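*Asks:* Handing you a structure now.
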Amino acid sequence: MRLGQFLSYAAGMRVALCQVPISSDPAVNLGRAKAALGDAAAAGAELAVFPEGTQAHFGSDLRAVAEPTDGAFCTGLAEAARDHGIAVVAGVFEPGPGDRVYNTAVAFDAGGDLVAAYRKIHLFDALGQRESDKVAPGDEVVIAEIGGLRIGILICYDIRFPEHARALVARGADLVVVPACWAAGLFKEEHWVTLVRARAIENTVWVAAADQVPDRSEPPSRAPTGSGRSMLVDPMGVVRLDLGPRAGVAVGDADTAVTAEIRADLPSLLHQREDVFGRH
């Protein structure tokens, strides 16, 4: 990392966390996403962050619902982004190798143009789940240029890997977004809150994490359905927004002037010992 990398900052951004229930039906989910985008735009948001798998929940036939990024679901999101004049990051499924899919976060700018697509690198083969049975891993760290900000993208389980978030910040990310479907379970909510805050604190960066909540109209499933607690966290680890367990849309400001002030007082990024630990 170079000193100059942390001395100039873009303008801030008004960010909406869209904590929505996810159905097995992509058409239902697209309708919910459009409604949430309307609420976010009405509150003055410039970027709306949706959960992992906004297209369909994990109990669905993912191969059957998977589409390329110019398919019907993404096209609908792009049109809604353009209609409302608001950028969008949301989770979808793309066709992958063999009978697997890619777990992808797409980013559309306020004009509805696709500016990035990140394929989840770290797959959730833990706590009785095997995401890799149905999902192929990506292998590229991705940053989206949206509204003058550099926005790094993680998906759910990626939040457990600090080197991934640090790689985004090393590439100049002003904001890290985390679409998620964080499974419920023993200590899971505590892990989620701790990890989202930790990634913000250790990188002195804003983090906007959007989780699913269960769709109560769907049959019960052993697959992850989300547990809420979508959060906007500032570079000191202060939770500026927390949506709790229920569906909703909340809007807050990711102010990069705050980032500059905090990094001036707490320049930990400049104190990395690359001579000892190497470059991250």
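A note on labels: chains of the structure tokens are A, B, ... as shown, every chain counts residues from 1, and ligands are counted from 1 in their shown order.
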Just want the 9 Å neighbourhood of Lys134 (chain A), counted on only C-alpha atoms, with same-chain residues fewer than 5 positions away dropped. Output as an mmCIF file with N, CA and C atoms, in the first residue's frame.
*Replies:*
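Generated output (result08.cif):
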data_model
loop_
_atom_site.group_PDB
_atom_site.id
_atom_site.type_symbol
_atom_site.label_atom_id
_atom_site.label_comp_id
_atom_site.auth_asym_id
_atom_site.auth_seq_id
_atom_site.Cartn_x
_atom_site.Cartn_y
_atom_site.Cartn_z
ATOM 1 N N LEU A 62 -31.418 -24.110 -7.920
ATOM 2 C CA LEU A 62 -30.606 -22.985 -8.360
ATOM 3 C C LEU A 62 -30.224 -23.097 -9.835
ATOM 4 N N ARG A 63 -29.979 -24.306 -10.290
ATOM 5 C CA ARG A 63 -29.626 -24.487 -11.699
ATOM 6 C C ARG A 63 -30.779 -24.051 -12.594
ATOM 7 N N ASP A 99 -23.149 -28.975 -13.504
ATOM 8 C CA ASP A 99 -24.487 -28.753 -12.967
ATOM 9 C C ASP A 99 -24.479 -27.738 -11.834
ATOM 10 N N ARG A 100 -23.400 -26.954 -11.719
ATOM 11 C CA ARG A 100 -23.303 -25.944 -10.676
ATOM 12 C C ARG A 100 -23.580 -24.550 -11.233
ATOM 13 N N VAL A 101 -23.772 -23.600 -10.323
ATOM 14 C CA VAL A 101 -24.016 -22.207 -10.681
ATOM 15 C C VAL A 101 -22.942 -21.341 -10.035
ATOM 16 N N TYR A 102 -22.896 -20.084 -10.420
ATOM 17 C CA TYR A 102 -22.100 -19.093 -9.716
ATOM 18 C C TYR A 102 -23.021 -18.267 -8.822
#
*Asks:* Could you build a table of the residues in region 128-158 of chain A lying no more than 12 Å from region 187-194 of chain A, giving for each the nearest pair of atoms and their separation in Å rounded to one decimal place, using only C-alpha atoms, ordered by chain and ascending residue number, as JSON lines?
*Replies:*
{"residue": "A:Cys156", "atom": "CA", "partner": "A:Trp192", "partner_atom": "CA", "distance": 9.2}
{"residue": "A:Tyr157", "atom": "CA", "partner": "A:Trp192", "partner_atom": "CA", "distance": 9.6}
{"residue": "A:Asp158", "atom": "CA", "partner": "A:Trp192", "partner_atom": "CA", "distance": 11.3}
*Asks:* How about saving the chosen residues, C-alpha atoms kept, as an mmCIF file, in the first residue's frame?
*Replies:*
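The resulting file, selection.cif, is reproduced below:
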data_model
loop_
_atom_site.group_PDB
_atom_site.id
_atom_site.type_symbol
_atom_site.label_atom_id
_atom_site.label_comp_id
_atom_site.auth_asym_id
_atom_site.auth_seq_id
_atom_site.Cartn_x
_atom_site.Cartn_y
_atom_site.Cartn_z
ATOM 1 C CA CYS A 156 -21.791 -13.580 3.010
ATOM 2 C CA TYR A 157 -19.165 -16.201 4.048
ATOM 3 C CA ASP A 158 -16.443 -13.965 2.526
#
*Asks:* Report, in Å to a single decimal, how far apart CA of Gln19 (chain A) and CA of Pro51 (chain A) are.
*Replies:* 6.9 Å
*Asks:* I'd like the interatomic distance between CA of Glu52 (chain A) and CA of Ile262 (chain A), to a tenth of an Å.
*Replies:* 29.8 Å
*Asks:* Could you list, as a PDB file with N, CA and C atoms, in the first residue's frame, every residue within 7 Å of Gly172 (chain A), counting only C-alpha atoms and ignoring same-chain residues fewer than 2 positions away?
*Replies:*
ATOM      1  N   GLN A   5      -2.425   6.635  -1.369  1.00  0.00           N
ATOM      2  CA  GLN A   5      -3.677   5.931  -1.622  1.00  0.00           C
ATOM      3  C   GLN A   5      -4.759   6.317  -0.629  1.00  0.00           C
ATOM      4  N   ARG A 150     -15.433   3.985  -5.065  1.00  0.00           N
ATOM      5  CA  ARG A 150     -14.974   2.633  -5.363  1.00  0.00           C
ATOM      6  C   ARG A 150     -15.594   1.712  -4.314  1.00  0.00           C
ATOM      7  N   LEU A 168      -9.636  -5.602  -0.919  1.00  0.00           N
ATOM      8  CA  LEU A 168     -10.515  -4.579  -1.491  1.00  0.00           C
ATOM      9  C   LEU A 168     -10.044  -3.181  -1.092  1.00  0.00           C
ATOM     10  N   VAL A 169      -9.702  -3.006   0.173  1.00  0.00           N
ATOM     11  CA  VAL A 169      -9.255  -1.701   0.649  1.00  0.00           C
ATOM     12  C   VAL A 169      -7.901  -1.342   0.029  1.00  0.00           C
ATOM     13  N   ALA A 170      -7.041  -2.331  -0.141  1.00  0.00           N
ATOM     14  CA  ALA A 170      -5.755  -2.087  -0.788  1.00  0.00           C
ATOM     15  C   ALA A 170      -5.929  -1.599  -2.224  1.00  0.00           C
ATOM     16  N   ASP A 174     -13.764   2.554  -1.079  1.00  0.00           N
ATOM     17  CA  ASP A 174     -14.297   3.550  -0.142  1.00  0.00           C
ATOM     18  C   ASP A 174     -15.405   2.956   0.729  1.00  0.00           C
TER      19      ASP A 174
END
*Asks:* Go ahead and compute the interatomic distance for CA of Asp139 (chain A) and CA of Ala117 (chain A), in Å to one decimal.
*Replies:*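 About the pair CA of Asp139 (chain A) and CA of Ala117 (chain A): they are 12.0 Å apart.
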*Asks:* As an MDAnalysis selection string, please: the residues near Arg246 (chain A) (cut-off 10 Å, only C-alpha atoms, same-chain neighbours under 6 positions excluded).
*Replies:* chainID A and resid 19:21 212:214 227:230
*Asks:* Could you save the residues just selected, with all heavy atoms, as a PDB file, in the first residue's frame?
*Replies:*
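Once written, selection_24.pdb looks like this:
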ATOM      1  N   GLN A  19     -33.535  -5.115   3.240  1.00  0.00           N
ATOM      2  CA  GLN A  19     -33.644  -6.403   3.925  1.00  0.00           C
ATOM      3  C   GLN A  19     -34.995  -7.009   3.566  1.00  0.00           C
ATOM      4  O   GLN A  19     -36.011  -6.695   4.169  1.00  0.00           O
ATOM      5  CB  GLN A  19     -33.503  -6.196   5.432  1.00  0.00           C
ATOM      6  CG  GLN A  19     -33.529  -7.492   6.231  1.00  0.00           C
ATOM      7  CD  GLN A  19     -33.071  -7.282   7.661  1.00  0.00           C
ATOM      8  OE1 GLN A  19     -31.898  -7.105   7.925  1.00  0.00           O
ATOM      9  NE2 GLN A  19     -34.014  -7.267   8.600  1.00  0.00           N
ATOM     10  N   VAL A  20     -34.965  -7.885   2.571  1.00  0.00           N
ATOM     11  CA  VAL A  20     -36.219  -8.400   2.018  1.00  0.00           C
ATOM     12  C   VAL A  20     -36.311  -9.912   2.218  1.00  0.00           C
ATOM     13  O   VAL A  20     -35.303 -10.617   2.245  1.00  0.00           O
ATOM     14  CB  VAL A  20     -36.334  -8.063   0.513  1.00  0.00           C
ATOM     15  CG1 VAL A  20     -36.516  -6.573   0.309  1.00  0.00           C
ATOM     16  CG2 VAL A  20     -35.120  -8.557  -0.263  1.00  0.00           C
ATOM     17  N   PRO A  21     -37.535 -10.439   2.341  1.00  0.00           N
ATOM     18  CA  PRO A  21     -37.721 -11.891   2.328  1.00  0.00           C
ATOM     19  C   PRO A  21     -37.543 -12.404   0.909  1.00  0.00           C
ATOM     20  O   PRO A  21     -37.925 -11.733  -0.055  1.00  0.00           O
ATOM     21  CB  PRO A  21     -39.157 -12.070   2.822  1.00  0.00           C
ATOM     22  CG  PRO A  21     -39.840 -10.795   2.463  1.00  0.00           C
ATOM     23  CD  PRO A  21     -38.799  -9.711   2.518  1.00  0.00           C
ATOM     24  N   GLN A 212     -30.800 -11.398   4.079  1.00  0.00           N
ATOM     25  CA  GLN A 212     -32.183 -11.834   3.879  1.00  0.00           C
ATOM     26  C   GLN A 212     -32.902 -11.961   5.214  1.00  0.00           C
ATOM     27  O   GLN A 212     -32.284 -12.069   6.267  1.00  0.00           O
ATOM     28  CB  GLN A 212     -32.217 -13.208   3.223  1.00  0.00           C
ATOM     29  CG  GLN A 212     -31.701 -13.336   1.827  1.00  0.00           C
ATOM     30  CD  GLN A 212     -31.952 -14.745   1.279  1.00  0.00           C
ATOM     31  OE1 GLN A 212     -32.807 -15.496   1.778  1.00  0.00           O
ATOM     32  NE2 GLN A 212     -31.207 -15.112   0.238  1.00  0.00           N
ATOM     33  N   VAL A 213     -34.215 -11.980   5.135  1.00  0.00           N
ATOM     34  CA  VAL A 213     -35.051 -12.517   6.205  1.00  0.00           C
ATOM     35  C   VAL A 213     -35.930 -13.604   5.585  1.00  0.00           C
ATOM     36  O   VAL A 213     -36.186 -13.600   4.378  1.00  0.00           O
ATOM     37  CB  VAL A 213     -35.923 -11.433   6.881  1.00  0.00           C
ATOM     38  CG1 VAL A 213     -35.065 -10.499   7.709  1.00  0.00           C
ATOM     39  CG2 VAL A 213     -36.738 -10.655   5.852  1.00  0.00           C
ATOM     40  N   PRO A 214     -36.387 -14.587   6.372  1.00  0.00           N
ATOM     41  CA  PRO A 214     -37.168 -15.688   5.810  1.00  0.00           C
ATOM     42  C   PRO A 214     -38.491 -15.212   5.207  1.00  0.00           C
ATOM     43  O   PRO A 214     -39.119 -14.277   5.700  1.00  0.00           O
ATOM     44  CB  PRO A 214     -37.408 -16.604   7.017  1.00  0.00           C
ATOM     45  CG  PRO A 214     -36.345 -16.252   7.990  1.00  0.00           C
ATOM     46  CD  PRO A 214     -36.090 -14.791   7.805  1.00  0.00           C
ATOM     47  N   SER A 227     -31.107 -14.203   8.515  1.00  0.00           N
ATOM     48  CA  SER A 227     -31.546 -13.909   9.883  1.00  0.00           C
ATOM     49  C   SER A 227     -31.628 -12.417  10.156  1.00  0.00           C
ATOM     50  O   SER A 227     -31.757 -11.989  11.298  1.00  0.00           O
ATOM     51  CB  SER A 227     -30.589 -14.565  10.891  1.00  0.00           C
ATOM     52  OG  SER A 227     -29.247 -14.249  10.609  1.00  0.00           O
ATOM     53  N   GLY A 228     -31.567 -11.593   9.111  1.00  0.00           N
ATOM     54  CA  GLY A 228     -31.692 -10.152   9.293  1.00  0.00           C
ATOM     55  C   GLY A 228     -30.418  -9.503   9.802  1.00  0.00           C
ATOM     56  O   GLY A 228     -29.323  -9.928   9.477  1.00  0.00           O
ATOM     57  N   ARG A 229     -30.593  -8.446  10.587  1.00  0.00           N
ATOM     58  CA  ARG A 229     -29.494  -7.679  11.156  1.00  0.00           C
ATOM     59  C   ARG A 229     -28.637  -7.019  10.073  1.00  0.00           C
ATOM     60  O   ARG A 229     -27.405  -6.919  10.190  1.00  0.00           O
ATOM     61  CB  ARG A 229     -28.610  -8.511  12.079  1.00  0.00           C
ATOM     62  CG  ARG A 229     -29.284  -9.060  13.326  1.00  0.00           C
ATOM     63  CD  ARG A 229     -29.866  -7.991  14.244  1.00  0.00           C
ATOM     64  NE  ARG A 229     -28.854  -7.066  14.764  1.00  0.00           N
ATOM     65  CZ  ARG A 229     -28.136  -7.275  15.869  1.00  0.00           C
ATOM     66  NH1 ARG A 229     -28.302  -8.404  16.562  1.00  0.00           N
ATOM     67  NH2 ARG A 229     -27.299  -6.373  16.298  1.00  0.00           N
ATOM     68  N   SER A 230     -29.262  -6.569   8.988  1.00  0.00           N
ATOM     69  CA  SER A 230     -28.538  -5.765   8.003  1.00  0.00           C
ATOM     70  C   SER A 230     -28.007  -4.522   8.691  1.00  0.00           C
ATOM     71  O   SER A 230     -28.708  -3.901   9.491  1.00  0.00           O
ATOM     72  CB  SER A 230     -29.462  -5.377   6.850  1.00  0.00           C
ATOM     73  OG  SER A 230     -29.954  -6.528   6.190  1.00  0.00           O
TER      74      SER A 230
END
*Asks:* Mind listing the helix (DSSP H, G or I) residues of region 60-272 of chain A, per DSSP on the backbone, as a VMD selection string?
*Replies:* chain A and resid 62 to 65 72 to 84 131 to 133 156 to 160 162 to 170 188 to 203 256 to 265 268 to 271
*Asks:* Near Val92 (chain A), within 8 Å and counting only C-alpha atoms, which residues show up once chain neighbours fewer than 5 positions away are dropped, as a PDB file with C-alpha atoms, in the first residue's frame?
*Replies:*
ATOM      1  CA  GLU A  52     -27.195 -12.601  -1.467  1.00  0.00           C
ATOM      2  CA  GLY A  53     -29.462 -14.688  -3.669  1.00  0.00           C
ATOM      3  CA  THR A  54     -32.086 -11.977  -4.122  1.00  0.00           C
ATOM      4  CA  GLN A  55     -33.135 -13.897  -7.232  1.00  0.00           C
ATOM      5  CA  ALA A  56     -34.200 -17.053  -5.324  1.00  0.00           C
ATOM      6  CA  ALA A  66     -29.797 -19.358 -12.935  1.00  0.00           C
ATOM      7  CA  CYS A  74     -31.048  -8.790 -14.042  1.00  0.00           C
ATOM      8  CA  ASN A 103     -23.276 -17.158  -6.658  1.00  0.00           C
ATOM      9  CA  THR A 104     -22.895 -13.663  -8.076  1.00  0.00           C
ATOM     10  CA  ALA A 105     -23.384 -10.090  -6.907  1.00  0.00           C
ATOM     11  CA  VAL A 106     -24.230  -7.767  -9.773  1.00  0.00           C
TER      12      VAL A 106
END
